[in-house]
Amino acid sequence: MNIADALRKITVLLQKIHAVLQKMQLVLLSKQRIEPKPLPSLPVVVEQARREWINAQYYYNTVSDQDLIDHAVYMMQAAEKKYMYLLKQARRAGVVASPYMVIADGDRDKNEVITH
């Protein structure tokens, strides 16, 4: 990369930073309240953690580069601990859910989990 390319990249980055700062200034000066997004329900979070764990297991089983094996093990162990923790929290809260339940009247959102 030559100096001209580096300067172009820096210019583009500075323009993006400037645009973000302008948006922040507008929000702060207009005193608009930004509504936070609602948190997903516990069954949805548990299901997401289960999927992350399954994906981490798949990654571990398919990684072939010796340098990535440690990373794959770490990812799998971290995902498992997260899932087990959330599962325990859901049980304590009395949540009963199954990602395998079928809705008879049609499709459901892929992130939706049916609770009893």
# chains A, B, ... in the order shown; residues from 1 in each chain; ligands from 1
$ residues_around --residues "segment 72-81 of chain A" --least-positions-apart "2" --cutoff "8 Å" --atoms "only C-alpha atoms" --output "list in words"
Ala49, Arg50, Glu52, Trp53, Ala56, Gln57, Tyr59, Tyr60, Val63, Leu68, Ile69, Asp70, Tyr83, Met84 and Tyr85 of chain A
$ atom_distance --atom1 "atom CA of Val12 of chain A" --atom2 "atom CA of Leu28 of chain A"
24.5 Å
$ closest_residue --among "A:Leu7, A:Pro43, A:Ile54, A:Leu21" --to "Gly94 of chain A" --atoms "only C-alpha atoms"
A:Pro43
